[in-house]
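As stored in coords_4.cif (mmCIF, C-alpha atoms):
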data_run
#
loop_
_atom_site.label_atom_id
_atom_site.label_comp_id
_atom_site.auth_asym_id
_atom_site.auth_seq_id
_atom_site.Cartn_x
_atom_site.Cartn_y
_atom_site.Cartn_z
CA MET A 17 67.58 95.19 102.32
CA SER A 18 68.73 96.44 105.72
CA ASP A 19 71.83 94.27 105.24
CA LEU A 20 72.75 96.28 102.19
CA VAL A 21 72.15 99.60 103.96
CA SER A 22 74.40 98.61 106.84
CA LEU A 23 77.02 97.37 104.37
CA PHE A 24 76.93 100.79 102.71
CA VAL A 25 77.37 102.63 106.02
CA ASP A 26 80.06 100.19 107.12
CA SER A 27 82.10 100.52 103.94
CA ALA A 28 81.73 104.31 103.87
CA LEU A 29 82.41 105.15 107.52
CA ALA A 30 83.64 102.28 109.70
CA GLU A 31 85.99 100.92 107.03
CA ASN A 32 86.81 104.21 105.41
CA MET A 33 89.32 103.53 102.62
CA PRO A 34 91.92 106.27 103.17
CA LEU A 35 91.56 106.84 106.92
CA THR A 36 91.30 103.36 108.42
CA LEU A 37 92.65 101.09 105.68
CA PHE A 38 95.25 103.51 104.22
CA LEU A 39 94.13 102.94 100.65
CA GLY A 40 94.31 105.50 97.89
CA LEU A 41 96.48 107.79 99.98
CA CYS A 42 98.59 109.05 97.10
CA THR A 43 95.67 110.80 95.39
CA PHE A 44 94.12 111.50 98.80
CA LEU A 45 97.12 113.63 99.73
CA ALA A 46 98.00 114.99 96.32
CA LEU A 47 94.55 116.27 95.32
CA SER A 48 93.26 117.60 98.64
CA LYS A 49 94.72 121.08 98.34
CA ARG A 50 91.47 122.67 97.14
CA PRO A 51 87.85 121.60 97.82
CA GLU A 52 86.85 121.87 94.13
CA SER A 53 89.36 119.31 92.91
CA ALA A 54 88.62 117.11 95.94
CA LEU A 55 84.92 117.04 95.05
CA GLY A 56 85.70 116.05 91.45
CA LEU A 57 88.01 113.29 92.63
CA GLY A 58 85.38 112.00 95.07
CA ILE A 59 82.70 111.77 92.38
CA ALA A 60 85.08 110.09 89.93
CA VAL A 61 86.19 107.48 92.50
CA THR A 62 82.58 106.71 93.47
CA GLY A 63 81.60 106.27 89.82
CA VAL A 64 84.54 104.05 88.91
CA MET A 65 84.24 101.89 92.03
CA GLY A 66 80.48 101.52 91.62
CA VAL A 67 81.08 100.09 88.14
CA THR A 68 84.29 98.08 88.51
CA VAL A 69 83.61 96.19 91.75
CA PRO A 70 80.38 94.48 90.56
CA LEU A 71 81.91 93.96 87.09
CA ASN A 72 84.94 92.27 88.60
CA GLN A 73 82.67 90.21 90.85
CA ALA A 74 80.85 88.90 87.77
CA ILE A 75 84.12 88.16 85.95
CA TYR A 76 85.59 86.45 88.98
CA THR A 77 82.62 84.17 89.71
CA LEU A 78 81.88 83.36 86.05
CA LEU A 79 85.40 82.89 84.70
CA LEU A 80 88.14 82.76 87.33
CA ALA A 81 86.87 81.19 90.57
CA PRO A 82 87.79 77.55 91.25
CA GLY A 83 85.22 75.35 89.50
CA ALA A 84 83.88 78.13 87.30
CA TRP A 85 84.58 76.05 84.18
CA ALA A 86 82.78 72.94 85.48
CA TRP A 87 80.11 73.30 82.76
CA ALA A 88 82.83 72.96 80.11
CA GLY A 89 84.07 69.71 81.62
CA MET A 90 86.97 71.25 83.56
CA PRO A 91 85.87 71.22 87.22
CA ASP A 92 89.44 71.30 88.53
CA LEU A 93 90.48 74.40 86.66
CA ASP A 94 91.41 77.18 89.08
CA LEU A 95 92.27 80.48 87.42
CA SER A 96 92.02 82.61 90.55
CA TYR A 97 95.71 83.52 90.35
CA LEU A 98 94.85 85.52 87.22
CA ALA A 99 92.50 87.73 89.22
CA LEU A 100 95.01 90.55 89.65
CA VAL A 101 95.69 90.95 85.93
CA ALA A 102 92.00 90.64 85.06
CA PHE A 103 90.94 93.22 87.65
CA ILE A 104 93.54 95.78 86.68
CA GLY A 105 92.58 95.29 83.02
CA VAL A 106 88.90 95.86 83.79
CA ILE A 107 89.71 98.97 85.82
CA ALA A 108 91.95 100.43 83.11
CA ALA A 109 89.33 99.71 80.45
CA THR A 110 86.51 101.18 82.56
CA VAL A 111 88.44 104.34 83.26
CA GLN A 112 89.30 104.72 79.57
CA LEU A 113 85.66 104.09 78.56
CA LEU A 114 84.34 106.52 81.15
CA GLU A 115 86.76 109.14 79.89
CA MET A 116 85.65 108.67 76.27
CA VAL A 117 81.94 108.75 77.13
CA LEU A 118 82.32 111.88 79.25
CA ASP A 119 84.43 113.53 76.56
CA ARG A 120 81.78 112.79 73.91
CA TYR A 121 78.55 113.57 75.79
CA PHE A 122 79.48 115.70 78.80
CA PRO A 123 82.51 117.78 77.76
CA ALA A 124 82.01 120.21 80.67
CA ILE A 125 82.32 117.46 83.28
CA HIS A 126 85.25 115.97 81.39
CA ALA A 127 87.07 119.29 81.44
CA ALA A 128 86.41 119.63 85.16
CA PHE A 129 87.98 116.24 85.90
CA GLY A 130 91.09 117.04 83.91
CA VAL A 131 93.97 114.74 84.72
CA PHE A 132 92.28 112.85 87.58
CA LEU A 133 90.48 110.32 85.41
CA PRO A 134 93.49 108.50 83.92
CA LEU A 135 95.15 108.62 87.34
CA LEU A 136 92.35 106.48 88.75
CA THR A 137 93.78 103.42 86.95
CA VAL A 138 96.52 103.25 89.55
CA GLN A 139 94.34 104.20 92.51
CA CYS A 140 94.96 101.56 95.16
CA ALA A 141 91.52 102.03 96.72
CA ILE A 142 89.80 100.96 93.50
CA LEU A 143 91.85 97.80 93.04
CA ALA A 144 91.55 97.07 96.76
CA GLY A 145 87.77 97.23 96.45
CA SER A 146 87.89 94.34 94.00
CA LEU A 147 90.41 92.39 96.08
CA PHE A 148 88.34 92.76 99.26
CA MET A 149 85.30 91.66 97.28
CA VAL A 150 87.06 88.35 96.52
CA GLU A 151 88.37 87.97 100.07
CA ARG A 152 84.90 88.43 101.60
CA ASP A 153 82.92 86.34 99.04
CA MET A 154 80.40 89.02 98.14
CA THR A 155 77.35 88.58 95.93
CA LEU A 156 76.72 90.86 92.95
CA ALA A 157 74.33 93.16 94.87
CA GLN A 158 76.66 93.32 97.87
CA SER A 159 79.64 94.18 95.70
CA ALA A 160 77.76 97.00 93.96
CA VAL A 161 76.75 98.49 97.33
CA PHE A 162 80.27 97.97 98.69
CA GLY A 163 81.83 99.73 95.70
CA LEU A 164 79.49 102.71 95.93
CA GLY A 165 79.88 102.93 99.70
CA SER A 166 83.67 102.82 99.65
CA GLY A 167 83.77 105.42 96.89
CA PHE A 168 81.41 107.66 98.85
CA GLY A 169 83.52 107.29 101.99
CA PHE A 170 86.64 108.20 100.04
CA GLY A 171 84.95 111.28 98.58
CA LEU A 172 83.73 112.36 102.02
CA ALA A 173 87.18 112.01 103.58
CA VAL A 174 89.02 113.84 100.79
CA LEU A 175 86.47 116.68 100.82
CA MET A 176 86.80 117.11 104.60
CA LEU A 177 90.59 117.08 104.46
CA SER A 178 90.66 119.62 101.64
CA ALA A 179 88.34 121.96 103.58
CA VAL A 180 90.71 121.89 106.57
CA ARG A 181 93.77 122.35 104.37
CA ALA A 182 92.24 125.33 102.61
CA ARG A 183 91.92 127.04 106.02
CA LEU A 184 95.42 125.99 107.04
CA ALA A 185 96.95 127.90 104.14
CA TYR A 186 96.81 130.97 106.37
CA ALA A 187 98.36 129.33 109.43
CA ASP A 188 101.91 130.08 110.53
CA LEU A 189 103.47 126.62 110.77
CA PRO A 190 107.07 125.56 111.47
CA ALA A 191 108.88 125.32 108.14
CA GLY A 192 109.45 121.56 108.31
CA LEU A 193 105.82 120.80 109.04
CA ARG A 194 104.42 122.87 106.19
CA GLY A 195 102.54 121.01 103.44
CA LEU A 196 103.04 117.26 103.69
CA GLY A 197 103.89 117.04 107.41
CA ILE A 198 100.83 118.82 108.72
CA THR A 199 98.64 116.96 106.23
CA PHE A 200 99.69 113.66 107.78
CA VAL A 201 98.93 114.96 111.27
CA LEU A 202 95.52 116.18 110.06
CA ALA A 203 94.79 112.84 108.45
CA GLY A 204 95.78 111.15 111.72
CA LEU A 205 93.32 113.30 113.69
CA MET A 206 90.55 112.59 111.17
CA SER A 207 91.43 108.92 111.37
CA LEU A 208 90.94 109.10 115.17
CA GLY A 209 87.48 110.49 114.51
CA PHE A 210 86.62 107.72 112.05
CA ALA A 211 87.90 105.14 114.54
CA SER A 212 84.83 105.95 116.63
CA PHE A 213 82.63 104.71 113.76
CA ALA A 214 84.52 101.43 113.86
CA GLN A 215 83.86 101.26 117.61
CA MET A 216 80.14 101.81 116.96
CA ALA A 217 80.11 99.08 114.34
CA ALA A 218 81.89 96.72 116.73
CA ALA A 219 79.49 97.53 119.56
CA GLN A 220 76.43 96.58 117.51
CA MET B 17 137.19 101.54 90.40
CA ALA B 18 135.61 104.61 88.88
CA GLU B 19 133.32 102.34 86.85
CA THR B 20 131.94 100.75 90.00
CA PHE B 21 131.05 104.05 91.60
CA ARG B 22 129.49 105.64 88.54
CA PHE B 23 126.03 104.64 89.79
CA TRP B 24 126.71 105.57 93.41
CA PRO B 25 124.73 108.85 93.36
CA THR B 26 121.79 107.18 91.57
CA LEU B 27 121.73 104.56 94.31
CA THR B 28 122.16 106.76 97.39
CA GLU B 29 120.19 109.81 96.31
CA PRO B 30 116.74 108.26 97.10
CA LEU B 31 117.78 107.11 100.60
CA VAL B 32 117.17 110.36 102.45
CA ARG B 33 117.59 113.30 100.09
CA GLN B 34 114.98 112.11 97.56
CA ASN B 35 113.21 109.59 99.79
CA PRO B 36 110.18 108.22 97.90
CA VAL B 37 107.90 108.15 100.94
CA THR B 38 108.69 111.42 102.66
CA LEU B 39 109.49 113.67 99.71
CA GLN B 40 108.06 112.24 96.48
CA ILE B 41 104.77 111.15 98.19
CA LEU B 42 104.91 107.78 96.43
CA GLY B 43 103.82 104.44 97.84
CA ILE B 44 102.38 105.77 101.06
CA CYS B 45 99.35 103.48 101.28
CA SER B 46 101.30 100.32 101.91
CA ALA B 47 103.92 102.15 103.96
CA LEU B 48 101.34 102.92 106.61
CA ALA B 49 99.25 99.77 106.53
CA VAL B 50 101.99 97.19 107.08
CA THR B 51 104.07 98.93 109.75
CA THR B 52 102.34 97.57 112.88
CA SER B 53 105.23 95.14 113.27
CA LEU B 54 108.75 95.03 111.97
CA ALA B 55 108.43 91.55 110.40
CA THR B 56 105.59 92.53 108.06
CA ALA B 57 107.32 95.83 107.27
CA LEU B 58 110.49 93.96 106.25
CA THR B 59 108.63 91.42 104.09
CA MET B 60 106.73 94.19 102.35
CA SER B 61 109.93 96.19 101.75
CA ALA B 62 111.70 93.17 100.29
CA SER B 63 108.77 92.27 98.01
CA LEU B 64 108.43 95.82 96.79
CA THR B 65 112.16 96.22 96.15
CA VAL B 66 112.25 93.00 94.12
CA VAL B 67 109.19 93.94 92.04
CA LEU B 68 110.46 97.47 91.53
CA THR B 69 113.95 96.41 90.41
CA LEU B 70 112.79 93.62 88.09
CA SER B 71 110.03 95.67 86.48
CA ALA B 72 112.40 98.60 85.93
CA GLY B 73 114.89 96.24 84.28
CA LEU B 74 112.24 94.63 82.05
CA ILE B 75 110.57 97.85 81.02
CA ALA B 76 113.87 99.61 80.40
CA SER B 77 115.06 96.81 78.12
CA ILE B 78 111.93 96.92 75.92
CA ARG B 79 111.47 100.68 76.21
CA ARG B 80 112.06 101.28 72.49
CA HIS B 81 109.36 98.79 71.48
CA ILE B 82 106.47 100.04 73.62
CA PRO B 83 104.13 102.36 71.69
CA ASP B 84 103.58 105.50 73.71
CA THR B 85 99.78 105.32 73.63
CA ILE B 86 99.44 101.96 75.33
CA ARG B 87 102.52 102.15 77.54
CA LEU B 88 100.52 102.40 80.78
CA ILE B 89 98.73 99.13 80.11
CA VAL B 90 101.95 97.37 79.08
CA GLN B 91 103.73 98.57 82.21
CA ILE B 92 100.84 97.60 84.49
CA VAL B 93 100.61 94.12 83.00
CA ILE B 94 104.35 93.54 83.46
CA ILE B 95 104.16 94.76 87.05
CA ALA B 96 101.02 92.73 87.80
CA SER B 97 102.64 89.54 86.49
CA LEU B 98 105.69 90.07 88.72
CA VAL B 99 103.43 90.75 91.70
CA ILE B 100 101.53 87.50 91.10
CA VAL B 101 104.83 85.60 91.18
CA ILE B 102 105.85 87.24 94.47
CA ASP B 103 102.40 86.68 95.96
CA GLN B 104 102.45 82.97 95.10
CA LEU B 105 105.99 82.64 96.53
CA LEU B 106 104.96 84.31 99.79
CA GLN B 107 101.88 82.11 100.10
CA ALA B 108 104.03 79.03 99.57
CA TYR B 109 106.93 79.81 101.92
CA LEU B 110 105.79 82.53 104.37
CA ALA B 111 102.10 81.68 104.76
CA GLU B 112 101.67 83.44 108.10
CA ILE B 113 103.15 86.75 107.01
CA SER B 114 101.28 86.50 103.73
CA ARG B 115 98.02 86.35 105.71
CA ALA B 116 99.05 89.35 107.83
CA LEU B 117 99.78 91.38 104.71
CA SER B 118 96.32 90.48 103.34
CA VAL B 119 95.60 92.30 100.09
CA PHE B 120 98.59 94.59 100.36
CA VAL B 121 100.93 92.37 98.36
CA GLY B 122 98.43 92.48 95.49
CA LEU B 123 98.32 96.21 95.90
CA ILE B 124 102.01 96.52 95.00
CA THR B 125 100.59 96.54 91.46
CA THR B 126 99.00 99.93 92.01
CA ASN B 127 101.73 101.17 94.32
CA CYS B 128 102.42 104.59 92.90
CA LEU B 129 106.12 104.10 93.62
CA VAL B 130 106.51 101.29 91.05
CA LEU B 131 104.63 103.00 88.26
CA GLY B 132 106.06 106.39 89.24
CA ARG B 133 109.67 105.24 88.86
CA THR B 134 109.03 103.35 85.62
CA GLU B 135 107.27 106.40 84.18
CA ALA B 136 109.83 108.91 85.44
CA TYR B 137 113.08 107.01 84.99
CA ALA B 138 113.07 103.51 83.52
CA ARG B 139 111.24 104.66 80.39
CA HIS B 140 114.16 106.88 79.32
CA HIS B 141 117.22 104.98 80.53
CA PRO B 142 119.07 101.76 79.67
CA PRO B 143 118.36 98.72 81.91
CA LEU B 144 121.37 98.94 84.23
CA PRO B 145 120.95 102.51 85.53
CA ALA B 146 117.18 101.98 85.63
CA MET B 147 117.62 98.96 87.88
CA VAL B 148 120.09 100.82 90.11
CA ASP B 149 117.64 103.71 90.43
CA ALA B 150 114.78 101.32 91.21
CA PHE B 151 116.88 99.49 93.77
CA GLY B 152 117.84 102.77 95.45
CA ASN B 153 114.21 103.85 95.62
CA GLY B 154 113.28 100.45 97.02
CA LEU B 155 115.91 100.92 99.72
CA GLY B 156 114.63 104.42 100.52
CA TYR B 157 111.12 103.02 100.86
CA SER B 158 112.40 100.20 103.05
CA LEU B 159 114.27 102.66 105.25
CA ALA B 160 111.13 104.70 105.93
CA LEU B 161 109.13 101.51 106.61
CA ILE B 162 111.74 100.12 108.97
CA VAL B 163 111.96 103.34 111.00
CA ILE B 164 108.16 103.59 111.36
CA GLY B 165 107.75 99.85 111.93
CA THR B 166 110.40 99.75 114.67
CA LEU B 167 108.96 102.75 116.50
CA ARG B 168 105.37 101.48 116.31
CA GLU B 169 106.24 97.98 117.48
CA LEU B 170 108.57 99.26 120.22
CA LEU B 171 106.11 101.80 121.65
CA GLY B 172 102.98 99.76 120.98
CA LYS B 173 104.09 96.41 122.39
CA GLY B 174 107.51 97.01 123.93
CA GLU B 175 108.98 94.54 121.46
CA VAL B 176 111.27 94.62 118.46
CA PHE B 177 110.94 91.72 116.01
CA GLY B 178 108.78 89.93 118.61
CA TYR B 179 111.58 90.06 121.23
CA GLU B 180 110.83 91.92 124.43
CA VAL B 181 112.92 95.08 124.77
CA LEU B 182 110.99 97.23 127.21
CA ALA B 183 109.51 95.04 129.96
CA PRO B 184 105.73 95.67 130.02
CA VAL B 185 103.80 96.21 133.26
CA SER B 186 101.76 93.05 132.69
CA SER B 187 104.88 90.91 133.23
CA GLY B 188 106.29 92.90 136.14
CA GLY B 189 108.22 95.55 134.19
CA TRP B 190 107.78 99.31 134.08
CA PHE B 191 106.66 99.97 130.49
CA THR B 192 102.98 100.62 129.72
CA PRO B 193 102.37 99.73 126.06
CA LEU B 194 100.75 102.54 124.09
CA ASN B 195 97.88 100.79 122.36
CA LEU B 196 97.29 103.83 120.19
CA MET B 197 100.56 103.05 118.38
CA LEU B 198 99.02 99.92 116.88
CA LEU B 199 95.96 101.77 115.57
CA PRO B 200 95.74 103.53 112.19
CA PRO B 201 95.96 107.15 113.46
CA ALA B 202 99.41 106.55 114.98
CA ALA B 203 100.80 105.60 111.56
CA PHE B 204 99.77 108.99 110.22
CA PHE B 205 101.28 110.77 113.22
CA MET B 206 104.57 108.85 112.99
CA LEU B 207 104.94 109.57 109.29
CA GLY B 208 104.08 113.23 109.86
CA LEU B 209 106.74 113.47 112.57
CA LEU B 210 109.26 111.64 110.37
CA VAL B 211 108.65 114.13 107.58
CA TRP B 212 109.08 116.96 110.07
CA ALA B 213 112.33 115.48 111.39
CA ILE B 214 113.82 115.00 107.91
CA ARG B 215 112.80 118.47 106.80
CA SER B 216 114.23 120.05 109.93
CA ALA B 217 117.54 118.34 109.24
CA ARG B 218 117.37 119.34 105.56
CA PRO B 219 115.64 122.73 105.42
CA GLU B 220 115.88 122.84 101.60
CA GLN B 221 113.06 120.26 101.44
CA ALA B 222 110.55 122.46 103.27
CA GLU B 223 107.64 123.59 101.14
CA ALA B 224 107.06 127.26 100.43
CA PRO B 225 104.11 128.74 102.33
CA ASP B 226 100.89 129.02 100.28
CA HIS B 227 100.10 132.38 101.68
CA VAL B 228 102.44 135.12 102.84
CA ALA B 229 101.08 137.35 105.57
CA PRO B 230 100.94 141.00 104.54
CA MET B 231 103.42 143.30 106.26
CA PRO B 232 101.91 144.83 109.40
CA ARG B 233 101.10 148.43 108.74
CA GLU B 234 103.14 151.04 110.60
CA PRO B 235 101.18 152.46 113.47
CA ALA B 236 100.02 155.99 112.73
CA GLU B 237 102.11 158.60 114.38
#
Translate the structure of the given file into structure tokens.
Amino acid sequence: MSDLVSLFVDSALAENMPLTLFLGLCTFLALSKRPESALGLGIAVTGVMGVTVPLNQAIYTLLLAPGAWAWAGMPDLDLSYLALVAFIGVIAATVQLLEMVLDRYFPAIHAAFGVFLPLLTVQCAILAGSLFMVERDMTLAQSAVFGLGSGFGFGLAVLMLSAVRARLAYADLPAGLRGLGITFVLAGLMSLGFASFAQMAAAQ
Amino acid sequence: MAETFRFWPTLTEPLVRQNPVTLQILGICSALAVTTSLATALTMSASLTVVLTLSAGLIASIRRHIPDTIRLIVQIVIIASLVIVIDQLLQAYLAEISRALSVFVGLITTNCLVLGRTEAYARHHPPLPAMVDAFGNGLGYSLALIVIGTLRELLGKGEVFGYEVLAPVSSGGWFTPLNLMLLPPAAFFMLGLLVWAIRSARPEQAEAPDHVAPMPREPAE
């Protein structure tokens, strides 16, 4: 149990998706102008990652991993090169399904998400979650915790960045640094802060 | 002659003026993650340019046959298949670099730059201009990666391409390597400064301020 807790903390803080691994930066930068939209994005990413990473883990171990078809008399069959297509298909389908369910049963939440949901199909952090899961040989429980943790870390980072940016709207910056430039510098400073979590994890 | 240069603006526009990384905010994730050394940055740029150009060509040539409702899935599957080919080629011939790039080759699939250009350009244009546009954007991306990669490797290790340029203190030289340059925060800082530099040179790219300070009131007489 404590393994899973430390995996959650690790994936949320020490290996924060946008700030230490540079994943999902496009949405991280584009949707961090206001805290409200950042919160919606954070919740959506956590939900989608919590579902797709364990689902992809199951698909990978049951269908694609080398030797997965041994029961059918094909022990040499190795379909792992298909992983990328399978994962992206699962993510696209999950996002579409989530959108339809929300639209049908929770129209208020659906309206709040707006355009973010379909955008999540091409969110690198979500696909990377599944790819890391394969690279690190996770079990089903581990992958579920990893997915939720990474999503939570992403939400935390985007919410913090948006809070700082909302204050910065009133600052008098040099023209060239306005908008994108200062956002990168901010993200760099936050990344320095998150690097200390990585140090703590390494020290343990 | 005029025929040859018809596509010139499409090709050169994304290099600096419409640079995908610094202006369009596309494909930033990989741009930052792979720039700790110039070799990985170059491999990544080449892979991305190839995927981008081929997928733009393919999608542009079947653009009339893709139903609008499922176009995202069709595009993603085409891109993912091309990425698998590149990934297998890298693993076969450049195993070491492939390991250094880790999952980032696979992530070309969800690189916003590829899907962004197919959505914005290749979907509405014939194959040839679409490929030229994709190639130009690939070059713009490569340019940003090479600048950041060179600076980070030079300042972080005193090397360019693995060759010693600035002699480090450890081997009797004068240069103290800045270890920070190899860490994630430095990538953000470098890109921020690059954006600042480009926008200072081209003021028309600067963003309008969100909030205009009210005029100071005249002091009462």
query = What is the distance, in Å and to one decimal place, between atom CA of A:Leu29 and atom CA of B:Thr126?
reply =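 Between these atoms lies a distance of 23.3 Å.
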Expanded to explicit residues, what is the PyMOL selection byres ((chain B) within 9 of (chain A)) for this file, as a PDB file with C-alpha atoms, in the coordinates of the input?
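Dumped to selection_23.pdb:
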ATOM      1  CA  THR B  38     108.690 111.420 102.660  1.00  0.00           C
ATOM      2  CA  LEU B  39     109.490 113.670  99.710  1.00  0.00           C
ATOM      3  CA  ILE B  41     104.770 111.150  98.190  1.00  0.00           C
ATOM      4  CA  LEU B  42     104.910 107.780  96.430  1.00  0.00           C
ATOM      5  CA  GLY B  43     103.820 104.440  97.840  1.00  0.00           C
ATOM      6  CA  ILE B  44     102.380 105.770 101.060  1.00  0.00           C
ATOM      7  CA  CYS B  45      99.350 103.480 101.280  1.00  0.00           C
ATOM      8  CA  SER B  46     101.300 100.320 101.910  1.00  0.00           C
ATOM      9  CA  ALA B  47     103.920 102.150 103.960  1.00  0.00           C
ATOM     10  CA  LEU B  48     101.340 102.920 106.610  1.00  0.00           C
ATOM     11  CA  ALA B  49      99.250  99.770 106.530  1.00  0.00           C
ATOM     12  CA  ILE B  89      98.730  99.130  80.110  1.00  0.00           C
ATOM     13  CA  ILE B  92     100.840  97.600  84.490  1.00  0.00           C
ATOM     14  CA  VAL B  93     100.610  94.120  83.000  1.00  0.00           C
ATOM     15  CA  ALA B  96     101.020  92.730  87.800  1.00  0.00           C
ATOM     16  CA  SER B  97     102.640  89.540  86.490  1.00  0.00           C
ATOM     17  CA  VAL B  99     103.430  90.750  91.700  1.00  0.00           C
ATOM     18  CA  ILE B 100     101.530  87.500  91.100  1.00  0.00           C
ATOM     19  CA  GLN B 104     102.450  82.970  95.100  1.00  0.00           C
ATOM     20  CA  SER B 118      96.320  90.480 103.340  1.00  0.00           C
ATOM     21  CA  VAL B 119      95.600  92.300 100.090  1.00  0.00           C
ATOM     22  CA  PHE B 120      98.590  94.590 100.360  1.00  0.00           C
ATOM     23  CA  GLY B 122      98.430  92.480  95.490  1.00  0.00           C
ATOM     24  CA  LEU B 123      98.320  96.210  95.900  1.00  0.00           C
ATOM     25  CA  ILE B 124     102.010  96.520  95.000  1.00  0.00           C
ATOM     26  CA  THR B 125     100.590  96.540  91.460  1.00  0.00           C
ATOM     27  CA  THR B 126      99.000  99.930  92.010  1.00  0.00           C
ATOM     28  CA  ASN B 127     101.730 101.170  94.320  1.00  0.00           C
ATOM     29  CA  CYS B 128     102.420 104.590  92.900  1.00  0.00           C
ATOM     30  CA  LEU B 131     104.630 103.000  88.260  1.00  0.00           C
ATOM     31  CA  LEU B 199      95.960 101.770 115.570  1.00  0.00           C
ATOM     32  CA  PRO B 200      95.740 103.530 112.190  1.00  0.00           C
ATOM     33  CA  PRO B 201      95.960 107.150 113.460  1.00  0.00           C
ATOM     34  CA  ALA B 202      99.410 106.550 114.980  1.00  0.00           C
ATOM     35  CA  ALA B 203     100.800 105.600 111.560  1.00  0.00           C
ATOM     36  CA  PHE B 204      99.770 108.990 110.220  1.00  0.00           C
ATOM     37  CA  PHE B 205     101.280 110.770 113.220  1.00  0.00           C
ATOM     38  CA  MET B 206     104.570 108.850 112.990  1.00  0.00           C
ATOM     39  CA  LEU B 207     104.940 109.570 109.290  1.00  0.00           C
ATOM     40  CA  GLY B 208     104.080 113.230 109.860  1.00  0.00           C
ATOM     41  CA  LEU B 209     106.740 113.470 112.570  1.00  0.00           C
ATOM     42  CA  LEU B 210     109.260 111.640 110.370  1.00  0.00           C
ATOM     43  CA  VAL B 211     108.650 114.130 107.580  1.00  0.00           C
ATOM     44  CA  TRP B 212     109.080 116.960 110.070  1.00  0.00           C
ATOM     45  CA  ALA B 213     112.330 115.480 111.390  1.00  0.00           C
ATOM     46  CA  ILE B 214     113.820 115.000 107.910  1.00  0.00           C
ATOM     47  CA  ARG B 215     112.800 118.470 106.800  1.00  0.00           C
ATOM     48  CA  SER B 216     114.230 120.050 109.930  1.00  0.00           C
ATOM     49  CA  ALA B 217     117.540 118.340 109.240  1.00  0.00           C
ATOM     50  CA  ARG B 218     117.370 119.340 105.560  1.00  0.00           C
ATOM     51  CA  PRO B 219     115.640 122.730 105.420  1.00  0.00           C
ATOM     52  CA  GLN B 221     113.060 120.260 101.440  1.00  0.00           C
ATOM     53  CA  ALA B 222     110.550 122.460 103.270  1.00  0.00           C
ATOM     54  CA  GLU B 223     107.640 123.590 101.140  1.00  0.00           C
ATOM     55  CA  ALA B 224     107.060 127.260 100.430  1.00  0.00           C
ATOM     56  CA  PRO B 225     104.110 128.740 102.330  1.00  0.00           C
ATOM     57  CA  ASP B 226     100.890 129.020 100.280  1.00  0.00           C
ATOM     58  CA  HIS B 227     100.100 132.380 101.680  1.00  0.00           C
ATOM     59  CA  VAL B 228     102.440 135.120 102.840  1.00  0.00           C
ATOM     60  CA  ALA B 229     101.080 137.350 105.570  1.00  0.00           C
TER      61      ALA B 229
END
request  = Mind giving me the straight-line distance from atom CA of B:Ser71 to atom CA of B:Ile95 in Å, one decimal?
outcome  =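 These atoms are spaced 6.0 Å apart.
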key: Residues within 8 Å of B:Ala57, all atoms listed in the file, excluding chain neighbours under 4 positions, as a ChimeraX atom specification   = /B:47,50-53,61,158,161-162,165
task = Calculate how many Å separate atom CA of A:Met33 from atom CA of A:Leu172, rounding to one decimal.
result =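 Atom CA of A:Leu172 lies 10.5 Å from atom CA of A:Met33.
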Residues near stretch 106-108 of chain B, cut-off 10 Å, only C-alpha atoms, skip fewer than 5 positions along chain, as a VMD selection string = chain B and resid 59 63 100 to 101 113 to 115 121
key: Selection near A:Ala127, 10 Å with all atoms listed in the file, sequence-local residues under 5 positions removed, as a PyMOL selection string   = chain A and resi 118-119+122
Selected residues written out with C-alpha atoms, as a tab-separated table (two decimals), in the frame of the given file:
chain	number	residue	atom	x	y	z
A	118	LEU	CA	82.32	111.88	79.25
A	119	ASP	CA	84.43	113.53	76.56
A	122	PHE	CA	79.48	115.70	78.80
query = Could you spell out the hits of the PyMOL selection byres ((chain A and resi 56) around 9) on the shown file, as a ChimeraX atom specification?
reply = /A:51-55,57-61,125,128-129,132,171
Write out, as a PDB file, in the frame of the given file, the residues just selected, with C-alpha atoms.
ATOM      1  CA  PRO A  51      87.850 121.600  97.820  1.00  0.00           C
ATOM      2  CA  GLU A  52      86.850 121.870  94.130  1.00  0.00           C
ATOM      3  CA  SER A  53      89.360 119.310  92.910  1.00  0.00           C
ATOM      4  CA  ALA A  54      88.620 117.110  95.940  1.00  0.00           C
ATOM      5  CA  LEU A  55      84.920 117.040  95.050  1.00  0.00           C
ATOM      6  CA  LEU A  57      88.010 113.290  92.630  1.00  0.00           C
ATOM      7  CA  GLY A  58      85.380 112.000  95.070  1.00  0.00           C
ATOM      8  CA  ILE A  59      82.700 111.770  92.380  1.00  0.00           C
ATOM      9  CA  ALA A  60      85.080 110.090  89.930  1.00  0.00           C
ATOM     10  CA  VAL A  61      86.190 107.480  92.500  1.00  0.00           C
ATOM     11  CA  ILE A 125      82.320 117.460  83.280  1.00  0.00           C
ATOM     12  CA  ALA A 128      86.410 119.630  85.160  1.00  0.00           C
ATOM     13  CA  PHE A 129      87.980 116.240  85.900  1.00  0.00           C
ATOM     14  CA  PHE A 132      92.280 112.850  87.580  1.00  0.00           C
ATOM     15  CA  GLY A 171      84.950 111.280  98.580  1.00  0.00           C
TER      16      GLY A 171
END
message = Applying the PyMOL selection byres ((chain A and resi 76-84) around 12) to the file I just gave you, which residues come out? Please list them as a ChimeraX atom specification.
response = /A:68-75,85-103,106,146-147,149-151,153-156,159
